[in-house]
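A.B. asks: My structure is in model35.pdb, and what it holds is PDB, C-alpha atoms (C1' of nucleotides):
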MODEL        1
ATOM      1  CA  MET Q   1      -3.014   1.993   8.978
ATOM      2  CA  GLU Q   2      -0.965   4.404   6.977
ATOM      3  CA  ASP Q   3      -3.157   7.415   6.406
ATOM      4  CA  ARG Q   4      -2.993  10.387   8.657
ATOM      5  CA  LEU Q   5      -6.613  10.596   9.659
ATOM      6  CA  SER Q   6      -6.676   6.970  10.753
ATOM      7  CA  LYS Q   7      -3.686   7.573  12.958
ATOM      8  CA  VAL Q   8      -5.224  10.651  14.487
ATOM      9  CA  PHE Q   9      -8.515   8.991  15.297
ATOM     10  CA  ALA Q  10      -6.799   5.871  16.568
ATOM     11  CA  ALA Q  11      -4.548   7.976  18.759
ATOM     12  CA  LEU Q  12      -7.514   9.708  20.337
ATOM     13  CA  ALA Q  13      -9.459   6.504  20.808
ATOM     14  CA  ASP Q  14      -7.473   5.849  23.971
ATOM     15  CA  PRO Q  15      -8.740   7.645  27.092
ATOM     16  CA  LEU Q  16      -5.271   7.903  28.561
ATOM     17  CA  ARG Q  17      -3.960   9.563  25.434
ATOM     18  CA  ARG Q  18      -6.932  11.896  25.326
ATOM     19  CA  ASP Q  19      -6.176  12.842  28.900
ATOM     20  CA  MET Q  20      -2.592  13.565  27.961
ATOM     21  CA  VAL Q  21      -3.746  15.744  25.132
ATOM     22  CA  ALA Q  22      -5.996  17.568  27.547
ATOM     23  CA  ARG Q  23      -3.107  18.201  29.893
ATOM     24  CA  LEU Q  24      -0.790  19.174  27.069
ATOM     25  CA  ALA Q  25      -3.336  21.679  25.904
ATOM     26  CA  ALA Q  26      -2.772  23.453  29.197
ATOM     27  CA  ASP Q  27       0.987  23.243  29.062
ATOM     28  CA  ASP Q  28       3.937  21.338  27.654
ATOM     29  CA  ALA Q  29       5.222  18.491  29.784
ATOM     30  CA  THR Q  30       7.930  15.868  29.888
ATOM     31  CA  VAL Q  31       7.379  12.144  29.784
ATOM     32  CA  ASN Q  32       7.945  11.780  33.499
ATOM     33  CA  GLU Q  33       5.606  14.610  34.337
ATOM     34  CA  LEU Q  34       2.966  13.103  32.123
ATOM     35  CA  ALA Q  35       3.415   9.662  33.603
ATOM     36  CA  GLU Q  36       3.227  10.783  37.198
ATOM     37  CA  PRO Q  37      -0.565  10.791  37.752
ATOM     38  CA  TYR Q  38      -1.123   7.447  36.064
ATOM     39  CA  ASP Q  39      -0.302   4.061  37.464
ATOM     40  CA  VAL Q  40       1.412   2.799  34.368
ATOM     41  CA  SER Q  41       5.123   2.667  33.705
ATOM     42  CA  VAL Q  42       7.019   5.564  32.194
ATOM     43  CA  GLN Q  43       7.832   3.353  29.231
ATOM     44  CA  ALA Q  44       4.163   2.861  28.528
ATOM     45  CA  VAL Q  45       3.620   6.598  28.569
ATOM     46  CA  SER Q  46       6.567   7.038  26.255
ATOM     47  CA  LYS Q  47       4.903   4.650  23.829
ATOM     48  CA  HIS Q  48       1.659   6.583  24.052
ATOM     49  CA  ILE Q  49       3.496   9.752  23.235
ATOM     50  CA  LYS Q  50       5.039   8.047  20.263
ATOM     51  CA  VAL Q  51       1.584   7.186  19.006
ATOM     52  CA  LEU Q  52       0.512  10.800  19.381
ATOM     53  CA  GLU Q  53       3.686  11.905  17.676
ATOM     54  CA  ASP Q  54       3.224   9.568  14.717
ATOM     55  CA  ALA Q  55      -0.256  10.950  14.336
ATOM     56  CA  GLY Q  56       1.205  14.431  14.256
ATOM     57  CA  LEU Q  57      -0.630  15.464  17.383
ATOM     58  CA  VAL Q  58       2.461  16.324  19.378
ATOM     59  CA  ARG Q  59       6.095  17.137  18.818
ATOM     60  CA  ARG Q  60       9.023  16.313  21.035
ATOM     61  CA  SER Q  61      11.582  19.019  21.330
ATOM     62  CA  ARG Q  62      14.933  18.695  22.989
ATOM     63  CA  GLN Q  63      16.033  20.716  25.957
ATOM     64  CA  ALA Q  64      18.978  19.371  27.951
ATOM     65  CA  GLN Q  65      18.270  15.736  28.651
ATOM     66  CA  ARG Q  66      14.571  16.405  28.810
ATOM     67  CA  ARG Q  67      12.211  15.955  25.884
ATOM     68  CA  PRO Q  68       9.263  18.255  26.509
ATOM     69  CA  VAL Q  69       6.158  17.235  24.628
ATOM     70  CA  HIS Q  70       4.320  19.967  22.819
ATOM     71  CA  LEU Q  71       0.790  19.784  21.488
ATOM     72  CA  GLU Q  72       0.486  20.486  17.781
ATOM     73  CA  ALA Q  73      -2.768  22.304  17.239
ATOM     74  CA  GLU Q  74      -3.030  22.050  13.479
ATOM     75  CA  VAL Q  75      -4.142  18.433  13.476
ATOM     76  CA  PHE Q  76      -7.390  19.441  15.058
ATOM     77  CA  ASP Q  77      -8.195  21.209  11.846
ATOM     78  CA  LEU Q  78      -7.818  17.982   9.944
ATOM     79  CA  MET Q  79     -10.361  16.241  12.125
ATOM     80  CA  THR Q  80     -12.717  19.129  12.234
ATOM     81  CA  ALA Q  81     -12.622  19.350   8.458
ATOM     82  CA  TRP Q  82     -13.502  15.704   8.098
ATOM     83  CA  ILE Q  83     -16.254  15.813  10.663
ATOM     84  CA  GLU Q  84     -17.804  19.035   9.470
ATOM     85  CA  ARG Q  85     -17.885  17.814   5.917
ATOM     86  CA  TYR Q  86     -20.204  14.955   6.697
ATOM     87  CA  ARG Q  87     -22.144  16.768   9.313
ATOM     88  CA  ARG Q  88     -23.028  19.376   6.739
ATOM     89  CA  GLN Q  89     -23.867  16.735   4.209
ATOM     90  CA  VAL Q  90     -26.262  15.066   6.588
ATOM     91  CA  GLU Q  91     -27.808  18.353   7.583
ATOM     92  CA  GLU Q  92     -28.226  19.144   3.930
ATOM     93  CA  ARG Q  93     -30.089  15.897   3.503
ATOM     94  CA  TYR Q  94     -32.428  16.793   6.308
ATOM     95  CA  ARG Q  95     -32.972  20.217   4.868
ATOM     96  CA  ARG Q  96     -33.888  18.828   1.490
ATOM     97  CA  LEU Q  97     -36.145  16.276   3.068
ATOM     98  CA  ASP Q  98     -37.875  19.029   4.960
ATOM     99  CA  ASP Q  99     -38.221  20.990   1.775
ATOM    100  CA  LEU Q 100     -39.623  17.996   0.006
ATOM    101  CA  LEU Q 101     -42.165  17.375   2.699
ATOM    102  CA  ALA Q 102     -43.031  21.032   2.914
ATOM    103  CA  GLY Q 103     -43.384  21.166  -0.840
ATOM    104  CA  GLU Q 104     -45.714  18.220  -0.873
ATOM    105  CA  ALA Q 105     -47.720  19.564   1.975
ATOM    106  CA  ARG Q 106     -48.412  22.888   0.329
ATOM    107  CA  SER Q 107     -47.449  22.785  -3.335
ATOM    108  CA  ASP Q 108     -46.361  26.400  -3.411
ATOM    109  CA  THR Q 109     -44.437  28.932  -1.320
ATOM    110  CA  ASP Q 110     -40.856  28.380  -2.163
ATOM    111  CA  THR Q 111     -38.437  28.222   0.731
ATOM    112  CA  ASP Q 112     -35.519  30.550   0.242
ATOM    113  CA  THR Q 113     -31.817  31.153   0.473
ATOM    114  CA  GLU Q 114     -29.452  28.618   1.794
ATOM    115  CA  GLY Q 115     -26.182  30.475   1.547
ATOM    116  CA  ALA Q 116     -23.281  29.798   3.896
ATOM    117  CA  ALA Q 117     -21.940  26.791   2.022
ATOM    118  CA  SER Q 118     -18.495  27.760   3.184
TER     119      SER Q 118
ATOM    120  CA  MET B   1     -13.186   0.851  26.187
ATOM    121  CA  GLU B   2     -16.475   1.808  27.698
ATOM    122  CA  ASP B   3     -16.794   5.512  27.209
ATOM    123  CA  ARG B   4     -18.621   6.953  24.280
ATOM    124  CA  LEU B   5     -15.884   9.150  22.918
ATOM    125  CA  SER B   6     -13.408   6.294  22.809
ATOM    126  CA  LYS B   7     -15.851   4.217  20.838
ATOM    127  CA  VAL B   8     -16.513   7.013  18.404
ATOM    128  CA  PHE B   9     -12.857   7.743  17.744
ATOM    129  CA  ALA B  10     -12.032   4.058  17.502
ATOM    130  CA  ALA B  11     -14.877   3.539  15.077
ATOM    131  CA  LEU B  12     -13.595   6.282  12.817
ATOM    132  CA  ALA B  13     -10.004   5.099  13.017
ATOM    133  CA  ASP B  14     -10.763   2.526  10.345
ATOM    134  CA  PRO B  15     -10.650   3.823   6.761
ATOM    135  CA  LEU B  16     -13.280   1.375   5.609
ATOM    136  CA  ARG B  17     -15.667   2.554   8.291
ATOM    137  CA  ARG B  18     -14.929   6.181   7.495
ATOM    138  CA  ASP B  19     -15.741   5.440   3.898
ATOM    139  CA  MET B  20     -19.012   3.897   4.937
ATOM    140  CA  VAL B  21     -19.834   6.947   6.987
ATOM    141  CA  ALA B  22     -19.052   9.090   3.966
ATOM    142  CA  ARG B  23     -21.405   7.075   1.832
ATOM    143  CA  LEU B  24     -24.057   7.016   4.497
ATOM    144  CA  ALA B  25     -23.876  10.761   4.744
ATOM    145  CA  ALA B  26     -25.118  10.837   1.181
ATOM    146  CA  ASP B  27     -27.835   8.290   1.702
ATOM    147  CA  ASP B  28     -28.984   5.367   3.812
ATOM    148  CA  ALA B  29     -27.889   1.951   2.614
ATOM    149  CA  THR B  30     -28.252  -1.715   3.435
ATOM    150  CA  VAL B  31     -25.441  -4.005   4.454
ATOM    151  CA  ASN B  32     -25.231  -5.593   1.038
ATOM    152  CA  GLU B  33     -25.186  -2.261  -0.709
ATOM    153  CA  LEU B  34     -22.454  -1.083   1.584
ATOM    154  CA  ALA B  35     -20.435  -4.235   1.105
ATOM    155  CA  GLU B  36     -20.636  -4.253  -2.675
ATOM    156  CA  PRO B  37     -17.690  -1.941  -3.532
ATOM    157  CA  TYR B  38     -15.318  -3.564  -1.062
ATOM    158  CA  ASP B  39     -13.596  -6.878  -1.435
ATOM    159  CA  VAL B  40     -14.414  -8.097   2.026
ATOM    160  CA  SER B  41     -17.196 -10.398   3.019
ATOM    161  CA  VAL B  42     -20.658  -9.152   3.859
ATOM    162  CA  GLN B  43     -20.193 -10.514   7.350
ATOM    163  CA  ALA B  44     -17.179  -8.327   7.853
ATOM    164  CA  VAL B  45     -19.156  -5.288   6.777
ATOM    165  CA  SER B  46     -21.927  -6.276   9.133
ATOM    166  CA  LYS B  47     -19.390  -6.301  11.939
ATOM    167  CA  HIS B  48     -18.152  -2.878  10.945
ATOM    168  CA  ILE B  49     -21.651  -1.557  11.063
ATOM    169  CA  LYS B  50     -22.052  -3.013  14.512
ATOM    170  CA  VAL B  51     -19.007  -1.062  15.613
ATOM    171  CA  LEU B  52     -20.462   2.129  14.206
ATOM    172  CA  GLU B  53     -23.767   1.323  15.851
ATOM    173  CA  ASP B  54     -22.212   0.703  19.260
ATOM    174  CA  ALA B  55     -20.500   4.051  18.946
ATOM    175  CA  GLY B  56     -23.853   5.639  18.249
ATOM    176  CA  LEU B  57     -22.819   6.744  14.800
ATOM    177  CA  VAL B  58     -25.505   4.836  12.955
ATOM    178  CA  ARG B  59     -28.848   3.215  13.593
ATOM    179  CA  ARG B  60     -30.296   0.167  11.943
ATOM    180  CA  SER B  61     -33.973   0.362  11.143
ATOM    181  CA  ARG B  62     -36.105  -2.477   9.921
ATOM    182  CA  GLN B  63     -37.902  -2.496   6.624
ATOM    183  CA  ALA B  64     -39.089  -5.855   5.323
ATOM    184  CA  GLN B  65     -36.108  -8.210   5.479
ATOM    185  CA  ARG B  66     -33.710  -5.353   4.878
ATOM    186  CA  ARG B  67     -31.960  -3.422   7.625
ATOM    187  CA  PRO B  68     -31.166  -0.001   6.187
ATOM    188  CA  VAL B  69     -28.354   1.760   7.988
ATOM    189  CA  HIS B  70     -28.900   5.381   8.859
ATOM    190  CA  LEU B  71     -26.253   7.867   9.863
ATOM    191  CA  GLU B  72     -26.827   9.533  13.205
ATOM    192  CA  ALA B  73     -25.574  13.087  12.963
ATOM    193  CA  GLU B  74     -25.594  14.054  16.632
ATOM    194  CA  VAL B  75     -22.409  12.175  17.461
ATOM    195  CA  PHE B  76     -20.439  14.583  15.357
ATOM    196  CA  ASP B  77     -21.286  17.220  17.899
ATOM    197  CA  LEU B  78     -19.682  15.158  20.610
ATOM    198  CA  MET B  79     -16.418  14.977  18.716
ATOM    199  CA  THR B  80     -16.466  18.557  17.649
ATOM    200  CA  ALA B  81     -17.060  19.639  21.211
ATOM    201  CA  TRP B  82     -14.081  17.665  22.427
ATOM    202  CA  ILE B  83     -11.809  18.868  19.678
ATOM    203  CA  GLU B  84     -12.807  22.501  19.844
ATOM    204  CA  ARG B  85     -12.329  22.572  23.568
ATOM    205  CA  TYR B  86      -8.637  21.834  23.342
ATOM    206  CA  ARG B  87      -8.070  23.697  20.155
ATOM    207  CA  ARG B  88      -9.341  26.811  21.882
ATOM    208  CA  GLN B  89      -7.244  26.123  24.927
ATOM    209  CA  VAL B  90      -4.120  25.856  22.836
ATOM    210  CA  GLU B  91      -4.938  28.989  20.912
ATOM    211  CA  GLU B  92      -5.486  30.751  24.193
ATOM    212  CA  ARG B  93      -2.018  29.688  25.281
ATOM    213  CA  TYR B  94      -0.498  31.119  22.160
ATOM    214  CA  ARG B  95      -2.371  34.338  22.659
ATOM    215  CA  ARG B  96      -1.140  34.717  26.209
ATOM    216  CA  LEU B  97       2.368  33.842  25.189
ATOM    217  CA  ASP B  98       2.255  36.542  22.565
ATOM    218  CA  ASP B  99       1.043  39.009  25.155
ATOM    219  CA  LEU B 100       3.774  37.992  27.522
ATOM    220  CA  LEU B 101       6.485  38.334  24.931
ATOM    221  CA  ALA B 102       5.129  41.667  23.827
ATOM    222  CA  GLY B 103       5.248  42.843  27.423
ATOM    223  CA  GLU B 104       8.759  41.599  28.058
ATOM    224  CA  ALA B 105      10.093  42.899  24.787
ATOM    225  CA  ARG B 106       9.311  46.350  25.979
ATOM    226  CA  SER B 107      11.389  46.025  29.198
ATOM    227  CA  ASP B 108      14.618  44.954  27.629
ATOM    228  CA  THR B 109      16.134  43.029  24.750
ATOM    229  CA  ASP B 110      16.978  39.830  26.571
ATOM    230  CA  THR B 111      14.250  37.880  24.880
ATOM    231  CA  ASP B 112      15.652  34.702  23.460
ATOM    232  CA  THR B 113      13.446  34.180  20.454
ATOM    233  CA  GLU B 114      12.775  30.478  20.528
ATOM    234  CA  GLY B 115      10.227  29.149  18.097
ATOM    235  CA  ALA B 116      10.810  28.675  14.372
ATOM    236  CA  ALA B 117      11.826  25.074  14.671
ATOM    237  CA  SER B 118       9.447  23.634  12.117
TER     238      SER B 118
ATOM    239  C1'  DC F   1     -44.708 -24.700   1.629
ATOM    240  C1'  DC F   2     -40.391 -23.862  -0.146
ATOM    241  C1'  DG F   3     -36.675 -21.631  -2.370
ATOM    242  C1'  DT F   4     -34.407 -17.111  -2.380
ATOM    243  C1'  DT F   5     -32.520 -13.125  -0.550
ATOM    244  C1'  DG F   6     -30.671 -10.313   3.243
ATOM    245  C1'  DT F   7     -28.569 -10.392   7.488
ATOM    246  C1'  DT F   8     -26.564 -12.033  11.612
ATOM    247  C1'  DC F   9     -24.354 -15.687  14.659
ATOM    248  C1'  DA F  10     -20.462 -18.810  15.787
ATOM    249  C1'  DA F  11     -16.040 -20.625  15.632
ATOM    250  C1'  DC F  12     -11.738 -19.892  14.269
ATOM    251  C1'  DC F  13      -7.054 -17.483  12.886
ATOM    252  C1'  DT F  14      -3.737 -13.804  12.792
ATOM    253  C1'  DC F  15      -1.732  -9.634  13.937
ATOM    254  C1'  DG F  16      -0.982  -5.561  16.313
ATOM    255  C1'  DG F  17      -1.921  -2.511  20.586
ATOM    256  C1'  DG F  18      -0.953  -1.789  25.249
ATOM    257  C1'  DG F  19       1.113  -3.458  29.250
ATOM    258  C1'  DT F  20       5.342  -5.208  31.672
ATOM    259  C1'  DT F  21      10.510  -5.536  32.970
ATOM    260  C1'  DG F  22      15.439  -4.933  32.044
ATOM    261  C1'  DA F  23      19.004  -2.916  29.533
ATOM    262  C1'  DA F  24      20.854   0.782  26.565
ATOM    263  C1'  DT F  25      21.365   5.592  25.400
ATOM    264  C1'  DA F  26      21.792  10.695  26.093
ATOM    265  C1'  DC F  27      22.629  14.296  28.508
ATOM    266  C1'  DT F  28      24.007  17.070  33.286
ATOM    267  C1'  DG F  29      26.832  18.326  37.010
ATOM    268  C1'  DC F  30      30.556  17.474  39.811
TER     269       DC F  30
ATOM    270  C1'  DG Y   1      35.618  10.381  33.767
ATOM    271  C1'  DC Y   2      31.703   9.084  36.510
ATOM    272  C1'  DA Y   3      27.314   8.992  39.178
ATOM    273  C1'  DG Y   4      22.722  10.402  38.341
ATOM    274  C1'  DT Y   5      18.577  11.488  35.865
ATOM    275  C1'  DA Y   6      15.464  11.319  31.773
ATOM    276  C1'  DT Y   7      14.122   8.765  28.016
ATOM    277  C1'  DT Y   8      13.972   5.179  24.757
ATOM    278  C1'  DC Y   9      14.874   0.349  22.939
ATOM    279  C1'  DA Y  10      14.039  -4.690  23.119
ATOM    280  C1'  DA Y  11      11.863  -8.761  24.240
ATOM    281  C1'  DC Y  12       8.051 -10.624  25.928
ATOM    282  C1'  DC Y  13       2.789 -11.554  27.255
ATOM    283  C1'  DC Y  14      -2.178 -11.050  26.635
ATOM    284  C1'  DC Y  15      -6.238  -9.919  24.526
ATOM    285  C1'  DG Y  16      -9.252  -7.818  21.358
ATOM    286  C1'  DA Y  17     -10.016  -6.175  16.423
ATOM    287  C1'  DG Y  18     -10.762  -7.545  11.872
ATOM    288  C1'  DG Y  19     -10.778 -11.099   8.622
ATOM    289  C1'  DT Y  20     -12.523 -15.740   7.057
ATOM    290  C1'  DT Y  21     -16.093 -19.664   6.295
ATOM    291  C1'  DG Y  22     -20.297 -22.155   7.360
ATOM    292  C1'  DA Y  23     -24.585 -22.294   9.348
ATOM    293  C1'  DA Y  24     -28.798 -20.162  11.259
ATOM    294  C1'  DC Y  25     -32.514 -16.905  11.213
ATOM    295  C1'  DA Y  26     -35.925 -13.629   9.144
ATOM    296  C1'  DA Y  27     -39.053 -12.143   5.611
ATOM    297  C1'  DC Y  28     -40.779 -12.158   0.793
ATOM    298  C1'  DG Y  29     -42.403 -14.194  -3.571
ATOM    299  C1'  DG Y  30     -43.802 -17.847  -6.193
TER     300       DG Y  30
ENDMDL
END
Show me the file's structure as structure tokens.
C.D. replies:
Amino acid sequence: MEDRLSKVFAALADPLRRDMVARLAADDATVNELAEPYDVSVQAVSKHIKVLEDAGLVRRSRQAQRRPVHLEAEVFDLMTAWIERYRRQVEERYRRLDDLLAGEARSDTDTDTEGAAS
Amino acid sequence: MEDRLSKVFAALADPLRRDMVARLAADDATVNELAEPYDVSVQAVSKHIKVLEDAGLVRRSRQAQRRPVHLEAEVFDLMTAWIERYRRQVEERYRRLDDLLAGEARSDTDTDTEGAAS
DNA sequence: CCGTTGTTCAACCTCGGGGTTGAATACTGC
DNA sequence: GCAGTATTCAACCCCGAGGTTGAACAACGG
């Protein structure tokens, strides 16, 4: 599992990590703060954060002996790009299928403009 | 791992499965067709498809003895919704931070310009 | 009816993810 | 320097994911 996208998806496949991301979206937090609501050890949470970090979803800064975790927003773009690409492709397929069916139904009247292909 | 979103992310965490999704976005395909380019067994591919199916990403129809796999586009919406939600939240934070800094900058020059640590 | 093709089921193996606990490390504040 | 706090490292356990092979189960096609 070396590629970035795999790491990102894998990181978000865990509900606990998704919850952390949700909380970090609201504000930065330290490991202990993050661990507090859950009934797992702080070490476990630290590992989770490492997973998120390796995926590029968060960054750990350094501030005294604390290591506040900060959500890195850019990665979302990576996912969105991947998802949207195939979503569009599928929608395109549907559109063409519709066109095909429409064309067969009434062999005339050309459907128009698609546009907006990003 | 019961919840939908976890299944979806986990399903897409595998590069092979993502590749299948990519191919399925272009067109439906059977297990054997899907398995052909890879050097894993057909059984393994069948398992992968099951994972995608359990996540609601694909559907298997029935057509003679073949079981064409069809990509289900709606799930993408689920992911996009999740992602966008937190992306927006983070952007909102940045926006408010900018406002705050702009406001404080006017009062005095004690702002300590963090940031720029990339 | 029987062989062929497409697909899944079953048993098995290995490896890594997520959890634990206990010790080490990195800073702070006195 | 030393106690105290925050975090990570290390070693360990357990289980599920992904791979294999071999057999079973459809559904055609002769």
A.B. asks: Sort by chain and increasing residue number a table of all residues of chain B within 10 Å of chain Y, each with its closest pair of atoms and their distance in Å to one decimal, counting only C-alpha atoms (C1' of nucleotides), and write it as a tab-separated table.
C.D. replies:
residue	atom	partner	partner_atom	distance
B:Val40	CA	Y:DG19	C1'	8.1
B:Ser41	CA	Y:DT20	C1'	8.2
B:Gln43	CA	Y:DT20	C1'	9.3
B:Ala44	CA	Y:DG19	C1'	7.0
B:Lys47	CA	Y:DG18	C1'	8.7
B:His48	CA	Y:DG18	C1'	8.8
B:Gln63	CA	Y:DA27	C1'	9.8
B:Ala64	CA	Y:DA27	C1'	6.3
B:Gln65	CA	Y:DA27	C1'	4.9
B:Arg66	CA	Y:DA27	C1'	8.7
A.B. asks: Work out how far apart atom CA of Val31 of chain B and atom CA of Val45 of chain B are and give it in Å to one decimal.
C.D. replies: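 It comes out at 6.8 Å.
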A.B. asks: Taking only residues of chain B that have an atom at most 8 Å from an atom of chain Q, what is each one's shortest atom pair and its distance in Å to one decimal, using only C-alpha atoms, in chain and number order, as a tab-separated table?
C.D. replies:
residue	atom	partner	partner_atom	distance
B:Met1	CA	Q:Asp14	CA	7.9
B:Leu5	CA	Q:Ala13	CA	7.3
B:Ser6	CA	Q:Ala13	CA	4.4
B:Lys7	CA	Q:Ala13	CA	6.8
B:Val8	CA	Q:Ala13	CA	7.5
B:Phe9	CA	Q:Ala13	CA	4.7
B:Ala10	CA	Q:Ala13	CA	4.9
B:Leu12	CA	Q:Phe9	CA	6.3
B:Ala13	CA	Q:Ser6	CA	4.4
B:Asp14	CA	Q:Ser6	CA	6.1
B:Pro15	CA	Q:Ser6	CA	6.5
B:Ala22	CA	Q:Tyr86	CA	6.6
B:Ala25	CA	Q:Val90	CA	5.3
B:Ala26	CA	Q:Gln89	CA	6.7
B:Leu71	CA	Q:Val90	CA	7.9
B:Ala73	CA	Q:Arg87	CA	6.2
B:Phe76	CA	Q:Ile83	CA	6.4
B:Thr80	CA	Q:Thr80	CA	6.6
B:Ile83	CA	Q:Phe76	CA	6.4
B:Glu84	CA	Q:Phe76	CA	7.8
B:Tyr86	CA	Q:Ala25	CA	5.9
B:Arg87	CA	Q:Ala73	CA	6.2
B:Gln89	CA	Q:Ala25	CA	6.0
B:Val90	CA	Q:Ala25	CA	5.2
B:Glu91	CA	Q:Ala73	CA	7.9
B:Arg93	CA	Q:Ala26	CA	7.4
A.B. asks: All C-alpha atoms, paired in order, least-squares superposition of chain Q on chain B: what RMSD does that give?
C.D. replies: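 Result: 6.3 Å C-alpha RMSD.
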A.B. asks: Counting all atoms listed in the file, what is within 12 Å of Arg62 of chain Q, bar same-chain residues fewer than 6 positions away, as a list in words?
C.D. replies: Ala29, Thr30, Pro68, Val69 and His70 of chain Q; Ala117 of chain B; DA26 and DC27 of chain F; DA6 and DT7 of chain Y
A.B. asks: Please find the residues of chain F near chain B - the criterion being any atom within 9 Å, counting only C-alpha atoms (C1' of nucleotides) - and write them as a ChimeraX atom specification.
C.D. replies: /F:5-8
A.B. asks: Store the residues picked out above in a file with C-alpha atoms (C1' of nucleotides), as an mmCIF file, in the frame of the given file.
C.D. replies:
data_model
loop_
_atom_site.group_PDB
_atom_site.id
_atom_site.type_symbol
_atom_site.label_atom_id
_atom_site.label_comp_id
_atom_site.auth_asym_id
_atom_site.auth_seq_id
_atom_site.Cartn_x
_atom_site.Cartn_y
_atom_site.Cartn_z
ATOM 1 C "C1'" DT F 5 -32.520 -13.125 -0.550
ATOM 2 C "C1'" DG F 6 -30.671 -10.313 3.243
ATOM 3 C "C1'" DT F 7 -28.569 -10.392 7.488
ATOM 4 C "C1'" DT F 8 -26.564 -12.033 11.612
#
A.B. asks: Where's the centre, and what are the edge lengths in Å to one decimal, of a box along x, y and z enclosing all listed atoms of segment 45-64 of chain Q padded 4 Å per side, as AutoDock Vina command-line options?
C.D. replies:
--center_x 9.2 --center_y 12.7 --center_z 21.4 --size_x 27.6 --size_y 24.1 --size_z 22.3
A.B. asks: State, in Å with one decimal place, the distance from atom CA of Asp28 of chain B to atom CA of Tyr94 of chain Q.
C.D. replies: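 Computing it gives 12.2 Å between the two atoms.
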A.B. asks: Could you tell me how far atom C1' of DG17 of chain F lies from atom CA of Met20 of chain B, in Å and to one decimal?
C.D. replies: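 That distance, rounded to one decimal, is 24.0 Å.
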